[in-house]
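Peer 1: Sending over a structure as structure tokens; questions will come in a sec.
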Amino acid sequence: MEHQDYTPGQGAGREETGDRFQWEIHMADILRSRFKTMTTVDLDSGRCQLMDLSRPAGPENPLTLDYAHCIQQTAANDVHPEDMEQFRDVLSLEHLREKALALTEGCEEEVCIHRRPGEPVRWTELRVIYSHRGRQTAVNILGQDITSEKRQEALRQQAMEDRSYIISSLSSLFFSTYYIDLEQDTFRPVTQLRRVKDILGSEVNCTAALQVYANHFIHPDDREEYLSVMNMQNLRQSLRWWNPYVAVEYRKLPESQTNRLEWVRATAVLARAAGDDAPKTAVYVAQDISDSKHKACKP
């Protein structure tokens with residue numbers, strides 16, 4: 001690593017030295033707030049300085065070590081076997097030298113994320129920063145524990161998978177599902193019949209889509225009731241945590257002369273509300289209830 005001495009210019013003197021000192025303290029605080037360790041690698045000698053950023057500087061902080069031996073020990077003790085290849089590819093002294101030689105200006109960064117052996121699983125992120133200065137490239141490796149972030153990421157991923165599973169599982173029960181933004185009067189389909197999609201096209205305005213749907217798919221005698229329930233004003237006024245859904249049943253227009261009359265129950269369920277309990281988003285679902293209606297009509 002290249003070390004550059006700072007020589008204040010004439011007339012600047014102590015003021016520039018003080019400014020630089022304050023800047024270095026500021027940068028050190030930024031590093032400590034995020035990273036736990038910083039390793040500075042001297043590519044010529046193969047030595048490195050390992051500093052624990054959570055501890056004050058002292059006789060044993062930083063430690064001066066042989067970099068290749070340090071990486072070998074870290075790989076053997078702190079890297080999960082399945083992540084070993086990536087760790088060595090990014091952190092080996094040979095790779096650092098090749099990467100630094102190829103850099104002719106500016107900065108570049110590589111990231112190695114690896115698990116540590118044992119249970120529960122813990123994760124480390126190492127950021128290798130190459131900075132070209134003068135005729136040499138400085139290499140610094142910043143390390144931090146990202147176990148908490150990884151666990152949160154896993155929880156979010158699991159939540160997304162659960163959500164997708166629930167939607168796919170309910171597709172047999174609800175033939176159409178939409179997300180409605182009650183504040184913007186827009187909607188987004190999740191599951192939708194092809195013939196409905198063909199009629200609605202690229203429409204995203206919810207009020208317009210409900211009217212188009214009613215005109216094309218709902219029996220004339222049931223349209224008024226459907227639109228009196230499924231309209232933005234009613235949904236905004238009716239949906240609250242103590243009244244989380246509204247529903248309406250209607251007959252569909254027959255698709256052919258021989259088709260039996262089909263019944264649908266449309267339900268709008270509160271999804272999110274604002275601080276004043278006003279609804280923000282809702283989920284609209286449509287369920288075929290023809291069988292239960294026909295059974296109820298039998299003597």
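Chain labels follow the order of the structure tokens: the first chain is A, the next B, and so on; residue numbering restarts at 1 in every chain, and ligands are counted from 1 in their shown order.
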Identify, with DSSP run on backbone atoms, the residues in stretch 65-253 of chain A assigned to strand (DSSP E), and express the list as a PyMOL selection string.
Peer 2: chain A and resi 65-66+107-116+122-133+136-145+176-181+186-191+245-251
Peer 1: Could you build a table of the residues in stretch 147-188 of chain A lying no more than 8 Å from stretch 276-283 of chain A, giving for each the nearest pair of atoms and their separation in Å rounded to one decimal place, using only C-alpha atoms, ordered by chain and ascending residue number, as a tab-separated table?
Peer 2:
```
residue	atom	partner	partner_atom	distance
A:Thr177	CA	A:Val283	CA	7.0
A:Tyr178	CA	A:Val283	CA	5.7
A:Tyr179	CA	A:Val283	CA	4.7
A:Ile180	CA	A:Ala282	CA	5.1
A:Asp181	CA	A:Thr281	CA	4.6
A:Leu182	CA	A:Lys280	CA	5.3
A:Glu183	CA	A:Lys280	CA	5.8
```
Peer 1: Distance atom CA of A:Gln136-atom CA of A:Glu110, one decimal place?
Peer 2: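 For atom CA of A:Gln136 relative to atom CA of A:Glu110, the distance reads 18.1 Å.
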Peer 1: Interatomic distance between atom CA of A:Phe187 and atom CA of A:Val269?
Peer 2: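 If I compute the distance from atom CA of A:Phe187 to atom CA of A:Val269, I get 13.6 Å.
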Peer 1: Distance atom CA of A:Val248-atom CA of A:Ile289, one decimal place?
Peer 2: 11.6 Å
Peer 1: Using only C-alpha atoms, which residues sit within 8 Å of stretch 218-221 of chain A once same-chain residues fewer than 3 positions away are excluded, as an MDAnalysis selection string?
Peer 2: chainID A and resid 213:215 224 250:253
